[in-house]
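Student: Okay, so here is input.cif, and as you'll see once you scroll down, it has mmCIF, C-alpha atoms.
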data_coords
loop_
_atom_site.group_PDB
_atom_site.id
_atom_site.type_symbol
_atom_site.label_atom_id
_atom_site.label_comp_id
_atom_site.auth_asym_id
_atom_site.auth_seq_id
_atom_site.Cartn_x
_atom_site.Cartn_y
_atom_site.Cartn_z
ATOM 1 C CA MET A 761 -14.296 -30.964 -19.944
ATOM 2 C CA PRO A 762 -14.984 -28.683 -22.898
ATOM 3 C CA LEU A 763 -15.838 -25.087 -22.145
ATOM 4 C CA GLY A 764 -19.172 -23.680 -23.196
ATOM 5 C CA HIS A 765 -19.544 -20.338 -24.949
ATOM 6 C CA ALA A 766 -20.192 -18.437 -21.704
ATOM 7 C CA GLN A 767 -17.213 -20.032 -19.942
ATOM 8 C CA LEU A 768 -14.859 -19.316 -22.859
ATOM 9 C CA ARG A 769 -16.063 -15.708 -23.041
ATOM 10 C CA ALA A 770 -15.591 -15.297 -19.278
ATOM 11 C CA LYS A 771 -12.077 -16.743 -19.470
ATOM 12 C CA LEU A 772 -11.111 -14.380 -22.283
ATOM 13 C CA LEU A 773 -12.589 -11.391 -20.451
ATOM 14 C CA TRP A 774 -10.595 -12.357 -17.355
ATOM 15 C CA GLU A 775 -7.334 -12.648 -19.316
ATOM 16 C CA VAL A 776 -7.876 -9.280 -21.009
ATOM 17 C CA ALA A 777 -8.781 -7.616 -17.700
ATOM 18 C CA CYS A 778 -5.693 -9.037 -15.977
ATOM 19 C CA GLU A 779 -3.417 -7.893 -18.801
ATOM 20 C CA ARG A 780 -4.959 -4.423 -18.714
ATOM 21 C CA LEU A 781 -4.545 -4.207 -14.945
ATOM 22 C CA ARG A 782 -0.938 -5.443 -15.151
ATOM 23 C CA ASN A 783 -0.085 -2.835 -17.812
ATOM 24 C CA THR A 784 -1.785 -0.125 -15.778
ATOM 25 C CA LEU A 785 -0.019 -0.963 -12.525
ATOM 26 C CA GLU A 786 3.360 -1.597 -14.197
ATOM 27 C CA PRO A 787 3.290 0.322 -17.487
ATOM 28 C CA PRO A 788 5.767 -0.681 -20.182
ATOM 29 C CA ILE A 789 8.753 1.616 -20.609
ATOM 30 C CA GLY A 790 7.741 4.621 -22.683
ATOM 31 C CA PRO A 791 6.181 8.046 -22.498
ATOM 32 C CA HIS A 792 2.768 6.877 -21.256
ATOM 33 C CA GLU A 793 2.164 6.679 -17.518
ATOM 34 C CA SER A 794 -1.079 5.350 -16.137
ATOM 35 C CA SER A 795 -3.438 7.851 -14.589
ATOM 36 C CA ALA A 796 -5.983 7.401 -11.844
ATOM 37 C CA ALA A 797 -8.668 7.113 -14.532
ATOM 38 C CA ASP A 798 -6.687 4.321 -16.253
ATOM 39 C CA ARG A 799 -6.373 2.424 -12.983
ATOM 40 C CA GLN A 800 -10.065 2.876 -12.217
ATOM 41 C CA GLN A 801 -11.024 1.594 -15.663
ATOM 42 C CA ALA A 802 -8.702 -1.413 -15.285
ATOM 43 C CA HIS A 803 -10.268 -2.293 -11.923
ATOM 44 C CA GLN A 804 -13.735 -1.928 -13.449
ATOM 45 C CA LEU A 805 -12.779 -4.403 -16.187
ATOM 46 C CA VAL A 806 -11.607 -6.886 -13.546
ATOM 47 C CA HIS A 807 -14.925 -6.573 -11.680
ATOM 48 C CA GLU A 808 -16.874 -7.079 -14.907
ATOM 49 C CA ALA A 809 -14.754 -10.133 -15.741
ATOM 50 C CA LEU A 810 -15.407 -11.591 -12.279
ATOM 51 C CA ASP A 811 -19.132 -11.019 -12.773
ATOM 52 C CA ALA A 812 -18.935 -12.830 -16.128
ATOM 53 C CA ILE A 813 -17.121 -15.759 -14.486
ATOM 54 C CA CYS A 814 -19.747 -15.974 -11.740
ATOM 55 C CA GLU A 815 -22.539 -15.934 -14.301
ATOM 56 C CA ALA A 816 -20.859 -18.443 -16.636
ATOM 57 C CA TYR A 817 -20.196 -20.940 -13.859
ATOM 58 C CA SER A 818 -23.429 -20.271 -11.902
ATOM 59 C CA ILE A 819 -21.575 -18.988 -8.844
ATOM 60 C CA ASP A 820 -23.755 -17.052 -6.401
ATOM 61 C CA SER A 821 -20.897 -15.255 -4.681
ATOM 62 C CA ILE A 822 -17.145 -15.323 -4.441
ATOM 63 C CA PRO A 823 -15.901 -16.241 -0.981
ATOM 64 C CA GLY A 824 -13.648 -13.692 0.603
ATOM 65 C CA PRO A 825 -11.861 -13.119 3.831
ATOM 66 C CA ASP A 826 -13.886 -12.791 6.977
ATOM 67 C CA LEU A 827 -13.885 -9.048 7.561
ATOM 68 C CA GLN A 828 -14.956 -9.212 11.198
ATOM 69 C CA ALA A 829 -12.450 -8.054 13.760
ATOM 70 C CA PRO A 830 -10.762 -10.917 15.595
ATOM 71 C CA THR A 831 -11.844 -11.472 19.157
ATOM 72 C CA ASN A 832 -9.000 -11.549 21.635
ATOM 73 C CA PRO A 833 -9.259 -13.571 24.832
ATOM 74 C CA PRO A 834 -9.599 -11.443 27.954
ATOM 75 C CA ILE A 835 -6.490 -10.705 30.020
ATOM 76 C CA GLN A 836 -6.523 -12.342 33.434
ATOM 77 C CA PRO A 837 -5.317 -10.587 36.590
ATOM 78 C CA ASP A 838 -2.013 -12.506 36.320
ATOM 79 C CA GLY A 839 -1.386 -10.813 32.941
ATOM 80 C CA LYS A 840 -1.937 -13.952 30.848
ATOM 81 C CA ALA A 841 -4.594 -14.370 28.209
ATOM 82 C CA GLY A 842 -7.176 -17.024 28.907
ATOM 83 C CA LYS A 843 -10.828 -17.811 29.262
ATOM 84 C CA ALA A 844 -12.956 -15.362 31.118
ATOM 85 C CA GLN A 845 -13.938 -16.465 34.577
ATOM 86 C CA THR A 846 -17.637 -16.715 35.212
ATOM 87 C CA SER A 847 -19.117 -15.982 38.600
#
Write out the structure in this file as structure tokens.

Tutor:
Amino acid sequence: MPLGHAQLRAKLLWEVACERLRNTLEPPIGPHESSAADRQQAHQLVHEALDAICEAYSIDSIPGPDLQAPTNPPIQPDGKAGKAQTS
């Protein structure tokens, strides 16, 4: 399936953002070390690229991990986890 202009632009933005982030997190050997400002700018480029991808492909939101705390089963008097007893 051929890519449209918006999809191609989003793909290129993503590739540039990933390369920038990679070079910021693992700078090439040389006198330049990445600063906090460099890392922040690289992360901003990644977020902008993700926004462009969402717009180009008409994605409302990107699914992510469920951030709710897991619920553990209650501990029974015998010390084993199990279903809570109802009275």

Student: Can you tell me how far CA of Leu805 (chain A) sits from CA of Gly790 (chain A), in Å to one decimal?

Tutor: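 Pair CA of Leu805 (chain A) / CA of Gly790 (chain A) returns 23.3 Å.
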
Student: Quick one: pull the distance between CA of Ile819 (chain A) and CA of Ala766 (chain A), Å, one decimal.

Tutor: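 One can read the CA of Ile819 (chain A) to CA of Ala766 (chain A) distance as 12.9 Å.
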
Student: The PyMOL selection byres ((chain A and resi 814-818) around 7) on the file shown: which residues, as a ChimeraX atom specification?

Tutor: /A:766-767,770,810-813,819-820

Student: Report, in Å to a single decimal, how far apart CA of Asp798 (chain A) and CA of Ala777 (chain A) are.

Tutor: 12.2 Å

Student: Measuring atom to atom with only C-alpha atoms, identify which of A:Gln801, A:Arg769, A:Ala796, A:Gly764 is nearest to Leu781 (chain A).

Tutor: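 Looking only at the distances to Leu781 (chain A), the closest residue turns out to be A:Gln801.
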